[in-house]
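Structure data follow from final.txt (compact mmCIF, C-alpha atoms):
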# COMPACT_ATOMS: atom_id res chain seq x y z
CA ASP A 1 -44.52 45.06 -79.96
CA GLY A 2 -45.67 46.07 -76.52
CA VAL A 3 -42.10 45.88 -75.10
CA ASP A 4 -40.37 49.08 -74.08
CA LEU A 5 -36.68 49.04 -74.69
CA PHE A 6 -34.52 51.25 -72.51
CA GLU A 7 -31.02 52.41 -73.23
CA PHE A 8 -28.84 53.92 -70.50
CA ASN A 9 -25.79 56.06 -70.97
CA PHE A 10 -23.10 56.23 -68.21
CA ARG A 11 -22.12 59.78 -67.63
CA ASP A 12 -19.79 59.40 -64.62
CA SER A 13 -18.32 56.39 -62.81
CA GLY A 14 -15.53 55.66 -60.30
CA SER A 15 -14.31 53.06 -57.78
CA PHE A 16 -11.72 52.75 -54.94
CA TYR A 17 -10.46 49.42 -53.56
CA PRO A 18 -7.98 49.63 -50.60
CA SER A 19 -7.10 46.28 -49.00
CA ALA A 20 -4.60 44.80 -46.51
CA TYR A 21 -3.28 41.28 -46.01
CA LEU A 22 -1.40 39.95 -42.97
CA ASP A 23 0.46 36.64 -42.88
CA TRP A 24 2.02 35.89 -39.48
CA SER A 25 3.95 32.68 -39.03
CA LEU A 26 3.26 31.32 -35.55
CA ILE A 27 5.15 28.02 -35.51
CA ASN A 28 8.09 27.56 -37.87
CA LEU A 29 10.81 25.24 -36.60
CA SER A 30 13.04 25.89 -39.60
CA ARG A 31 13.00 29.65 -39.00
CA THR A 32 14.24 29.23 -35.42
CA SER A 33 17.15 27.09 -36.57
CA ARG A 34 18.05 29.55 -39.34
CA LEU A 35 18.10 32.39 -36.81
CA LYS A 36 20.49 30.51 -34.52
CA ALA A 37 22.70 29.63 -37.49
CA SER A 38 22.89 33.32 -38.44
CA LYS A 39 23.85 34.30 -34.90
CA ALA A 40 26.64 31.71 -34.86
CA GLY A 41 27.88 33.02 -38.22
CA VAL A 42 27.98 36.60 -36.94
CA ARG A 43 29.91 35.49 -33.86
CA SER A 44 32.51 33.64 -35.94
CA ARG A 45 33.05 36.70 -38.14
CA SER A 46 33.51 38.99 -35.12
CA LEU A 47 35.99 36.50 -33.64
CA LEU A 48 37.87 36.45 -36.94
CA THR A 49 38.25 40.24 -36.72
CA ALA A 50 39.58 39.95 -33.16
CA GLN A 51 42.00 37.23 -34.27
CA GLU A 52 43.42 39.39 -37.04
CA GLY A 53 43.81 42.29 -34.60
CA ARG A 54 45.75 40.18 -32.11
CA ASP A 55 47.97 38.76 -34.86
CA LEU A 56 48.74 42.29 -36.00
CA LEU A 57 49.56 43.36 -32.45
CA LEU A 58 52.03 40.48 -32.06
CA SER A 59 53.70 41.41 -35.36
CA LEU A 60 53.95 45.04 -34.26
CA GLN A 61 55.44 44.11 -30.89
CA SER A 62 57.94 41.63 -32.32
CA THR A 63 59.09 44.04 -35.03
CA TYR A 64 59.36 46.93 -32.59
CA TYR A 65 61.44 44.89 -30.12
CA SER A 66 63.73 43.79 -32.95
CA LEU A 67 64.08 47.38 -34.11
CA GLN A 68 64.97 48.51 -30.59
CA THR A 69 67.59 45.76 -30.40
CA LEU A 70 69.18 46.70 -33.71
CA ARG A 71 69.12 50.39 -32.91
CA GLN A 72 70.81 49.84 -29.56
CA LEU A 73 73.36 47.47 -31.07
CA GLU A 74 74.23 50.09 -33.66
CA VAL A 75 74.89 52.63 -30.89
CA VAL A 76 77.16 50.24 -28.97
CA ILE A 77 79.14 49.31 -32.07
CA HIS A 78 79.61 52.99 -32.85
CA ASP A 79 80.79 53.65 -29.27
CA LEU A 80 83.37 50.86 -29.53
CA TYR A 81 84.49 52.22 -32.91
CA LYS A 82 85.02 55.66 -31.38
CA LEU A 83 86.88 54.03 -28.50
CA CYS A 84 89.31 52.36 -30.91
CA ARG A 85 89.86 55.62 -32.75
CA GLN A 86 90.43 57.41 -29.45
CA ILE A 87 92.99 54.84 -28.26
CA ILE A 88 94.80 55.08 -31.61
CA ALA A 89 94.86 58.88 -31.37
CA GLU A 90 96.21 58.73 -27.81
CA SER A 91 98.94 56.22 -28.70
CA PRO A 92 102.54 57.50 -28.91
CA ALA A 93 103.66 58.66 -32.34
CA ALA A 94 106.18 55.82 -32.58
CA ASP A 95 103.39 53.27 -32.22
CA ARG A 96 101.45 55.00 -35.03
CA SER A 97 104.30 55.00 -37.58
CA ASP A 98 104.18 53.33 -40.94
CA SER A 99 106.59 50.60 -39.90
CA PRO A 100 105.66 46.95 -40.57
CA ASN A 101 105.48 46.33 -36.81
CA ASN A 102 103.05 49.16 -36.14
CA ILE A 103 101.31 48.44 -32.82
CA THR A 104 98.13 50.27 -33.75
CA ASP A 105 97.58 48.28 -36.93
CA SER A 106 95.54 45.75 -35.02
CA LEU A 107 93.41 48.47 -33.47
CA THR A 108 92.94 50.13 -36.85
CA THR A 109 91.78 46.82 -38.30
CA LYS A 110 89.37 46.36 -35.39
CA ALA A 111 88.02 49.91 -35.87
CA LEU A 112 87.38 49.28 -39.57
CA GLU A 113 85.70 45.98 -38.73
CA LEU A 114 83.41 47.74 -36.25
CA HIS A 115 82.63 50.40 -38.82
CA THR A 116 81.59 47.70 -41.30
CA GLN A 117 79.41 46.04 -38.66
CA ARG A 118 77.75 49.35 -37.93
CA ILE A 119 76.90 49.96 -41.59
CA ARG A 120 75.38 46.47 -41.89
CA THR A 121 73.41 47.01 -38.69
CA GLN A 122 72.14 50.33 -40.04
CA GLN A 123 70.80 48.51 -43.09
CA GLU A 124 68.94 46.11 -40.83
CA VAL A 125 67.59 49.05 -38.82
CA ILE A 126 66.23 50.67 -41.99
CA ARG A 127 64.65 47.40 -43.09
CA ALA A 128 62.99 46.84 -39.70
CA SER A 129 61.87 50.47 -39.53
CA ALA A 130 60.19 50.23 -42.93
CA MET A 131 58.51 46.98 -41.94
CA LEU A 132 57.17 48.51 -38.74
CA ALA A 133 55.80 51.49 -40.67
CA GLN A 134 54.08 49.11 -43.08
CA LEU A 135 52.49 47.15 -40.21
CA ALA A 136 51.33 50.43 -38.67
CA GLY A 137 49.63 51.40 -41.94
CA LEU A 138 51.78 54.47 -42.58
CA PRO A 139 52.51 55.82 -46.09
CA GLY A 140 55.12 54.05 -48.19
CA ASP A 141 57.83 56.65 -47.59
CA ALA A 142 57.47 56.59 -43.78
CA PHE A 143 59.87 55.08 -41.26
CA ILE A 144 59.52 54.45 -37.52
CA LEU A 145 62.41 54.71 -35.09
CA PRO A 146 62.10 53.94 -31.36
CA LYS A 147 62.58 56.78 -28.89
CA THR A 148 63.39 54.56 -25.91
CA PRO A 149 66.05 51.84 -25.48
CA LEU A 150 65.18 48.18 -25.19
CA LYS A 151 64.07 47.24 -21.67
CA PRO A 152 62.56 44.05 -20.22
CA SER A 153 58.77 44.11 -20.38
CA ALA A 154 56.48 43.25 -17.48
CA PRO A 155 56.80 39.56 -16.54
CA TRP A 156 54.16 36.97 -17.38
CA SER A 157 51.78 36.59 -14.45
CA HIS A 158 50.47 33.04 -15.02
CA ASP A 159 51.96 29.60 -14.58
CA LEU A 160 51.92 27.00 -17.35
CA ALA A 161 48.68 25.32 -16.23
CA SER A 162 46.81 28.64 -16.07
CA SER A 163 48.25 29.68 -19.42
CA LEU A 164 47.03 26.49 -21.08
CA LYS A 165 43.58 26.97 -19.54
CA LEU A 166 43.38 30.55 -20.82
CA ALA A 167 44.38 29.44 -24.31
CA THR A 168 41.74 26.71 -24.36
CA GLN A 169 39.00 29.05 -23.15
CA GLN A 170 39.83 32.25 -25.00
CA ARG A 171 41.76 31.42 -28.17
CA GLU A 172 39.88 32.88 -31.14
CA SER A 173 40.79 30.09 -33.57
CA ILE A 174 39.17 27.55 -31.22
CA GLN A 175 36.07 29.65 -30.74
CA ILE A 176 35.78 30.32 -34.47
CA ALA A 177 35.80 26.60 -35.23
CA SER A 178 33.25 26.02 -32.47
CA SER A 179 30.97 28.79 -33.78
CA ARG A 180 31.21 27.49 -37.33
CA ALA A 181 30.37 23.99 -36.10
CA ASP A 182 27.28 25.42 -34.40
CA GLN A 183 26.39 27.35 -37.54
CA TYR A 184 26.53 24.27 -39.76
CA ALA A 185 24.68 22.17 -37.18
CA TRP A 186 21.83 24.70 -37.01
CA THR A 187 21.83 24.95 -40.81
CA ALA A 188 21.35 21.17 -40.97
CA SER A 189 18.58 21.40 -38.39
CA ALA A 190 16.85 24.12 -40.41
CA ALA A 191 16.92 21.92 -43.51
CA GLU A 192 15.45 18.97 -41.61
CA ASN A 193 12.77 21.11 -39.98
CA ARG A 194 11.46 22.19 -43.38
CA TYR A 195 9.69 18.81 -43.47
CA PHE A 196 7.52 19.83 -40.51
CA PRO A 197 4.31 21.82 -41.06
CA GLU A 198 4.23 25.57 -40.54
CA LEU A 199 1.29 27.13 -38.70
CA TYR A 200 0.48 30.69 -39.58
CA LEU A 201 -2.21 33.30 -38.93
CA GLU A 202 -3.93 35.03 -41.83
CA ALA A 203 -5.93 38.22 -41.75
CA TYR A 204 -7.52 40.05 -44.67
CA ALA A 205 -9.44 43.29 -44.86
CA SER A 206 -10.78 45.15 -47.89
CA VAL A 207 -12.92 48.22 -48.39
CA TRP A 208 -14.23 49.45 -51.70
CA ARG A 209 -16.38 52.32 -52.84
CA GLU A 210 -18.26 52.54 -56.13
CA ARG A 211 -19.92 55.58 -57.61
CA TYR A 212 -21.60 56.03 -60.99
CA SER A 213 -24.25 58.20 -62.75
CA LEU A 214 -26.42 57.25 -65.76
CA THR A 215 -29.33 58.67 -67.82
CA GLU A 216 -32.05 56.98 -69.83
CA THR A 217 -31.88 57.66 -73.54
CA ASN A 218 -33.89 60.70 -74.67
CA LYS A 219 -34.71 61.56 -71.05
CA LEU A 220 -33.23 63.95 -68.64
CA ASP A 221 -33.59 61.76 -65.56
CA ILE A 222 -30.25 61.04 -63.88
CA VAL A 223 -29.74 58.00 -61.69
CA THR A 224 -26.85 58.23 -59.22
CA ALA A 225 -25.42 55.31 -57.20
CA ASP A 226 -22.77 55.67 -54.44
CA GLY A 227 -21.96 52.78 -52.09
CA ILE A 228 -19.27 51.53 -49.67
CA SER A 229 -18.69 47.83 -49.06
CA SER A 230 -16.13 45.92 -47.00
CA GLU A 231 -14.86 42.41 -46.49
CA GLN A 232 -12.61 40.92 -43.79
CA TYR A 233 -11.63 37.59 -42.34
CA VAL A 234 -9.18 36.05 -39.84
CA GLY A 235 -8.06 32.44 -39.86
CA PHE A 236 -5.26 29.92 -39.36
CA GLY A 237 -3.40 28.11 -42.09
CA ILE A 238 -0.95 25.24 -42.39
CA SER A 239 1.82 24.90 -44.93
CA TRP A 240 3.36 21.44 -45.17
CA PRO A 241 5.80 20.72 -48.01
CA LEU A 242 5.91 16.94 -48.21
CA PHE A 243 7.88 16.36 -51.39
CA ASP A 244 11.06 18.20 -52.38
CA SER A 245 12.99 15.49 -54.24
CA GLY A 246 15.39 15.12 -51.29
CA VAL A 247 16.84 18.65 -51.51
CA ASN A 248 16.42 19.45 -47.81
CA SER A 249 17.67 16.03 -46.78
CA ALA A 250 20.85 16.51 -48.81
CA ALA A 251 21.34 19.99 -47.34
CA ALA A 252 20.96 18.58 -43.82
CA THR A 253 23.54 15.85 -44.51
CA ALA A 254 25.99 18.39 -45.91
CA GLY A 255 25.50 20.62 -42.86
CA ARG A 256 26.17 17.75 -40.45
CA LEU A 257 29.36 16.80 -42.31
CA GLN A 258 30.60 20.40 -42.25
CA ALA A 259 29.81 20.63 -38.53
CA ALA A 260 31.84 17.46 -37.90
CA ALA A 261 34.75 18.89 -39.90
CA GLU A 262 34.69 22.09 -37.83
CA GLN A 263 34.62 20.04 -34.63
CA GLU A 264 37.76 18.25 -35.78
CA ARG A 265 39.33 21.59 -36.70
CA MET A 266 38.51 22.85 -33.21
CA ARG A 267 40.35 19.91 -31.64
CA GLN A 268 43.34 20.57 -33.90
CA GLN A 269 43.35 24.24 -32.90
CA GLN A 270 43.33 23.21 -29.25
CA LEU A 271 46.45 21.11 -29.81
CA ILE A 272 48.13 23.91 -31.75
CA ALA A 273 47.30 26.46 -29.04
CA ALA A 274 48.67 24.17 -26.33
CA GLN A 275 51.89 23.57 -28.28
CA GLN A 276 52.38 27.30 -28.89
CA VAL A 277 51.80 28.17 -25.24
CA LYS A 278 54.20 25.48 -24.01
CA THR A 279 56.90 26.59 -26.45
CA ALA A 280 56.53 30.28 -25.56
CA TYR A 281 56.43 29.49 -21.84
CA ALA A 282 59.62 27.41 -22.08
CA LYS A 283 61.30 30.27 -23.95
CA TYR A 284 60.09 32.73 -21.32
CA THR A 285 61.38 30.71 -18.36
CA ALA A 286 64.74 30.08 -20.07
CA GLN A 287 65.28 33.79 -20.73
CA LEU A 288 64.20 34.57 -17.17
CA ILE A 289 66.94 32.27 -15.88
CA LEU A 290 69.53 33.71 -18.29
CA LYS A 291 68.65 37.31 -17.45
CA ASP A 292 70.97 37.68 -14.44
CA ASN A 293 73.69 35.59 -16.05
CA THR A 294 73.93 37.76 -19.18
CA ARG A 295 74.04 40.94 -17.14
CA ASP A 296 76.77 39.56 -14.88
CA GLN A 297 78.65 38.60 -18.03
CA LEU A 298 78.35 42.14 -19.37
CA ARG A 299 79.58 43.68 -16.12
CA SER A 300 82.56 41.30 -16.12
CA ALA A 301 83.34 42.17 -19.75
CA GLU A 302 83.12 45.87 -18.94
CA ARG A 303 85.63 45.47 -16.10
CA ALA A 304 87.92 43.48 -18.39
CA LEU A 305 87.76 46.19 -21.02
CA THR A 306 88.61 48.87 -18.46
CA GLY A 307 91.55 46.81 -17.21
CA ALA A 308 92.79 46.14 -20.75
CA ARG A 309 92.76 49.87 -21.53
CA GLN A 310 94.78 50.61 -18.42
CA HIS A 311 97.23 47.83 -19.27
CA TYR A 312 97.54 49.14 -22.84
CA GLN A 313 98.43 52.61 -21.60
CA LYS A 314 101.33 51.10 -19.63
CA ASP A 315 102.60 48.57 -22.20
CA PRO A 316 100.97 48.95 -25.64
CA SER A 317 103.05 46.28 -27.38
CA ARG A 318 102.04 43.54 -24.96
CA ALA A 319 98.47 44.68 -24.20
CA VAL A 320 97.15 45.43 -27.70
CA THR A 321 96.01 41.85 -28.30
CA THR A 322 94.36 41.70 -24.86
CA LEU A 323 92.62 45.02 -25.57
CA ILE A 324 91.18 43.78 -28.86
CA GLN A 325 89.99 40.58 -27.19
CA ALA A 326 88.37 42.65 -24.44
CA ILE A 327 86.53 44.74 -27.05
CA ASP A 328 85.26 41.57 -28.73
CA LEU A 329 84.17 40.07 -25.40
CA TYR A 330 82.33 43.27 -24.44
CA LEU A 331 80.49 43.42 -27.75
CA SER A 332 79.59 39.74 -27.49
CA ALA A 333 78.35 40.17 -23.92
CA TYR A 334 76.28 43.20 -24.93
CA ARG A 335 74.75 41.21 -27.79
CA ASP A 336 73.84 38.47 -25.33
CA VAL A 337 72.05 40.98 -23.08
CA LEU A 338 70.14 42.42 -26.04
CA ASP A 339 69.27 38.95 -27.36
CA ASN A 340 68.09 37.90 -23.90
CA THR A 341 65.87 40.97 -23.52
CA LEU A 342 64.52 40.57 -27.05
CA ALA A 343 63.71 36.90 -26.52
CA PHE A 344 62.16 37.66 -23.12
CA ASN A 345 59.92 40.44 -24.44
CA THR A 346 58.95 38.41 -27.50
CA ALA A 347 58.04 35.41 -25.34
CA VAL A 348 55.80 37.58 -23.14
CA ALA A 349 54.11 39.04 -26.25
CA GLN A 350 53.62 35.53 -27.64
CA LEU A 351 52.08 34.33 -24.38
CA HIS A 352 49.62 37.22 -24.49
CA ARG A 353 48.77 36.35 -28.09
CA TYR A 354 48.48 32.59 -27.63
CA THR A 355 46.26 32.98 -24.55
CA SER A 356 44.23 35.81 -26.14
CA THR A 357 44.92 38.24 -23.31
CA TRP A 358 45.82 41.91 -23.64
CA PRO A 359 49.04 43.32 -22.16
CA GLU A 360 48.32 45.36 -19.04
CA HIS A 361 50.03 48.48 -20.38
CA LEU A 362 48.04 48.47 -23.61
CA PRO A 363 45.41 51.27 -23.64
CA SER A 364 41.81 50.12 -23.81
CA MET A 365 41.24 52.27 -26.92
CA THR A 366 44.00 50.38 -28.71
CA GLN A 367 42.38 47.08 -27.73
CA GLN A 368 39.07 48.18 -29.21
CA HIS A 369 40.78 49.39 -32.39
What would you get if you wrote out this structure as structure tokens?
Amino acid sequence: DGVDLFEFNFRDSGSFYPSAYLDWSLINLSRTSRLKASKAGVRSRSLLTAQEGRDLLLSLQSTYYSLQTLRQLEVVIHDLYKLCRQIIAESPAADRSDSPNNITDSLTTKALELHTQRIRTQQEVIRASAMLAQLAGLPGDAFILPKTPLKPSAPWSHDLASSLKLATQQRESIQIASSRADQYAWTASAAENRYFPELYLEAYASVWRERYSLTETNKLDIVTADGISSEQYVGFGISWPLFDSGVNSAAATAGRLQAAAEQERMRQQQLIAAQQVKTAYAKYTAQLILKDNTRDQLRSAERALTGARQHYQKDPSRAVTTLIQAIDLYLSAYRDVLDNTLAFNTAVAQLHRYTSTWPEHLPSMTQQH
């Protein structure tokens, strides 16, 4: 009695609470190490791509030079075959009879032998052509044949000492091992630095609005409330994980061991690069010395073949053996010239690969590709 009881009924209400939170790490030693480890990893992957590109280029060059050699050898064998057939056709009818002592039998045998060699060489040409098309990424039914004959490439422009220095400084396999060693070392550092505290800046801001309407029971009076409030603060915080059951310590130890392994791999790659450069350089210098000798040998064999043909025209019975020997010597001398040029060009290509330098005639667009 004497107490008035009031009952309110909400007729309309609403609220809106937008807020923002900012957490900005100011000092985080582990984050810096992780960033450097990521950069080293990206560098090693880009170097790996360059390494694969250079390996592909060496394979393309070597296969193309071999294909040129085989193609040119096939042409020379065919020319000698036609020469034998021509000499047989020009021989007197008595020398081309079916008698047991037929003078042209030896030439016929030599012509058939050359024809067999040509067929075998053609098979090797097809095999090398298909391989070159595969390396070039062409469809499976494609073949590549060279348009130009085999010629000596541009000479190597560095001595052995400079070549070894280039290989040590630029070889991708060495740089990859070095980058991976850095990556693992920074990964180990990041794990160790997780034990240090992290200083960060915090900022918080919030705004809210509330609105509602109510009426007292059995009355028509309406009470309306509408307000805006806000809250904000700025401060510094420290995060310091002290106990992790040794997880970060184990990760740091593993990273240091992997870095040491990559350092050892880098030293091994340096030895391999040096051995490859020295071998290719020795091959290059040897072929450079043999270059004039093989060409002199070919010119001498060509003169001998011309003389043997002239002698055969005068006295076929006595000169047929000399003529066949002259054909064999010419073919052998021509093979030596081709082998010398092939070995010379391959050695130059290998020196470019092992020192990680691009051939001067290679277009810049091809290098980028």
Each residue of stretch 250-324 of chain A lying at most 12 Å from stretch 33-50 of chain A should get a row with its shortest atom-to-atom pair and the distance in Å to one decimal, counting only C-alpha atoms; could you produce that, ordered by chain and increasing number, as a Markdown table?
| residue | atom | partner | partner_atom | distance |
| --- | --- | --- | --- | --- |
| A:Ala252 | CA | A:Ser33 | CA | 11.8 |
| A:Gly255 | CA | A:Ala37 | CA | 10.9 |
| A:Ala259 | CA | A:Ala37 | CA | 11.5 |
| A:Glu262 | CA | A:Ser44 | CA | 11.9 |
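Take the candidates A:Ala280, A:Leu135, A:Leu298, A:Ala89 and check each one against A:Gly53 using only C-alpha atoms; the shortest distance goes to A:Leu135.
Atom CA of A:Ala167 lies 11.6 Å from atom CA of A:Gln350.
Using all atoms listed in the file, the shortest contact distance between A:Tyr195 and any of A:Pro316, A:Pro146, A:Gly246, A:Pro152 is found at A:Gly246.
Distances from A:Val320, A:Val76, A:Ala254, A:Leu67 to A:Ala308 were compared using all atoms listed in the file, and the smallest one belongs to A:Val320.
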For a quick check of understanding, using only C-alpha atoms, which of A:Leu160, A:Val207, A:Ile289, A:Leu138 has the smallest distance to A:Thr341?
A:Ile289
Name the residues, using the chain letters and numbers of the file, that sit within 10 Å of (46.7, 27.0, -31.6) when counting all atoms listed in the file, and give them as an mmCIF file with C-alpha atoms, in the coordinates of the input.
data_model
loop_
_atom_site.group_PDB
_atom_site.id
_atom_site.type_symbol
_atom_site.label_atom_id
_atom_site.label_comp_id
_atom_site.auth_asym_id
_atom_site.auth_seq_id
_atom_site.Cartn_x
_atom_site.Cartn_y
_atom_site.Cartn_z
ATOM 1 C CA ALA A 167 44.380 29.440 -24.310
ATOM 2 C CA THR A 168 41.740 26.710 -24.360
ATOM 3 C CA ARG A 171 41.760 31.420 -28.170
ATOM 4 C CA GLU A 172 39.880 32.880 -31.140
ATOM 5 C CA SER A 173 40.790 30.090 -33.570
ATOM 6 C CA ILE A 174 39.170 27.550 -31.220
ATOM 7 C CA MET A 266 38.510 22.850 -33.210
ATOM 8 C CA ARG A 267 40.350 19.910 -31.640
ATOM 9 C CA GLN A 268 43.340 20.570 -33.900
ATOM 10 C CA GLN A 269 43.350 24.240 -32.900
ATOM 11 C CA GLN A 270 43.330 23.210 -29.250
ATOM 12 C CA LEU A 271 46.450 21.110 -29.810
ATOM 13 C CA ILE A 272 48.130 23.910 -31.750
ATOM 14 C CA ALA A 273 47.300 26.460 -29.040
ATOM 15 C CA ALA A 274 48.670 24.170 -26.330
ATOM 16 C CA GLN A 275 51.890 23.570 -28.280
ATOM 17 C CA GLN A 276 52.380 27.300 -28.890
ATOM 18 C CA VAL A 277 51.800 28.170 -25.240
ATOM 19 C CA TYR A 354 48.480 32.590 -27.630
ATOM 20 C CA THR A 355 46.260 32.980 -24.550
#
Which residue gives the smallest distance to A:Thr63 among A:Arg127, A:His158, A:Lys314, A:Arg265, with all atoms listed in the file counted?
A:Arg127
Report as a ChimeraX atom specification all protein, DNA and RNA residues lying within 12 Å of A:Arg120, evaluated on all atoms listed in the file, omitting residues in the same chain fewer than 3 positions from it.
/A:70-71,73-74,77-78,113-117,123-127
Mind dumping the selected residues with C-alpha atoms as an mmCIF file, in the coordinates of the input?
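This went into out.cif:
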data_model
loop_
_atom_site.group_PDB
_atom_site.id
_atom_site.type_symbol
_atom_site.label_atom_id
_atom_site.label_comp_id
_atom_site.auth_asym_id
_atom_site.auth_seq_id
_atom_site.Cartn_x
_atom_site.Cartn_y
_atom_site.Cartn_z
ATOM 1 C CA LEU A 70 69.180 46.700 -33.710
ATOM 2 C CA ARG A 71 69.120 50.390 -32.910
ATOM 3 C CA LEU A 73 73.360 47.470 -31.070
ATOM 4 C CA GLU A 74 74.230 50.090 -33.660
ATOM 5 C CA ILE A 77 79.140 49.310 -32.070
ATOM 6 C CA HIS A 78 79.610 52.990 -32.850
ATOM 7 C CA GLU A 113 85.700 45.980 -38.730
ATOM 8 C CA LEU A 114 83.410 47.740 -36.250
ATOM 9 C CA HIS A 115 82.630 50.400 -38.820
ATOM 10 C CA THR A 116 81.590 47.700 -41.300
ATOM 11 C CA GLN A 117 79.410 46.040 -38.660
ATOM 12 C CA GLN A 123 70.800 48.510 -43.090
ATOM 13 C CA GLU A 124 68.940 46.110 -40.830
ATOM 14 C CA VAL A 125 67.590 49.050 -38.820
ATOM 15 C CA ILE A 126 66.230 50.670 -41.990
ATOM 16 C CA ARG A 127 64.650 47.400 -43.090
#
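Between atom CA of A:Arg303 and atom CA of A:Ser106 the separation is 21.4 Å.
Atom CA of A:Leu57 lies 12.6 Å from atom CA of A:Val348.
Shortest atom-to-atom contact with A:Thr306 among A:Gln263, A:Leu83, A:Asp182, A:Tyr334: A:Leu83, counting all atoms listed in the file.
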Show me the residues close to (89.6, 53.0, -23.0) - anything with an atom within 9 Å, counting only C-alpha atoms - and format the list as number ranges by chain.
A: 83-84, 86-87, 305-310, 312-313, 323
I want to know what sits within 9 Å of A:Leu60, based on all atoms listed in the file, with residues of the same chain fewer than 5 positions away left out; could you give that as an MDAnalysis selection string?
chainID A and resid 55 65 132 135:136
For A:Ala333, list every protein, DNA or RNA residue within 9 Å, evaluated using all atoms listed in the file, and leave out those in the same chain fewer than 5 positions away; present the list as a PyMOL selection string.
chain A and resi 294-295+297-302+328+338
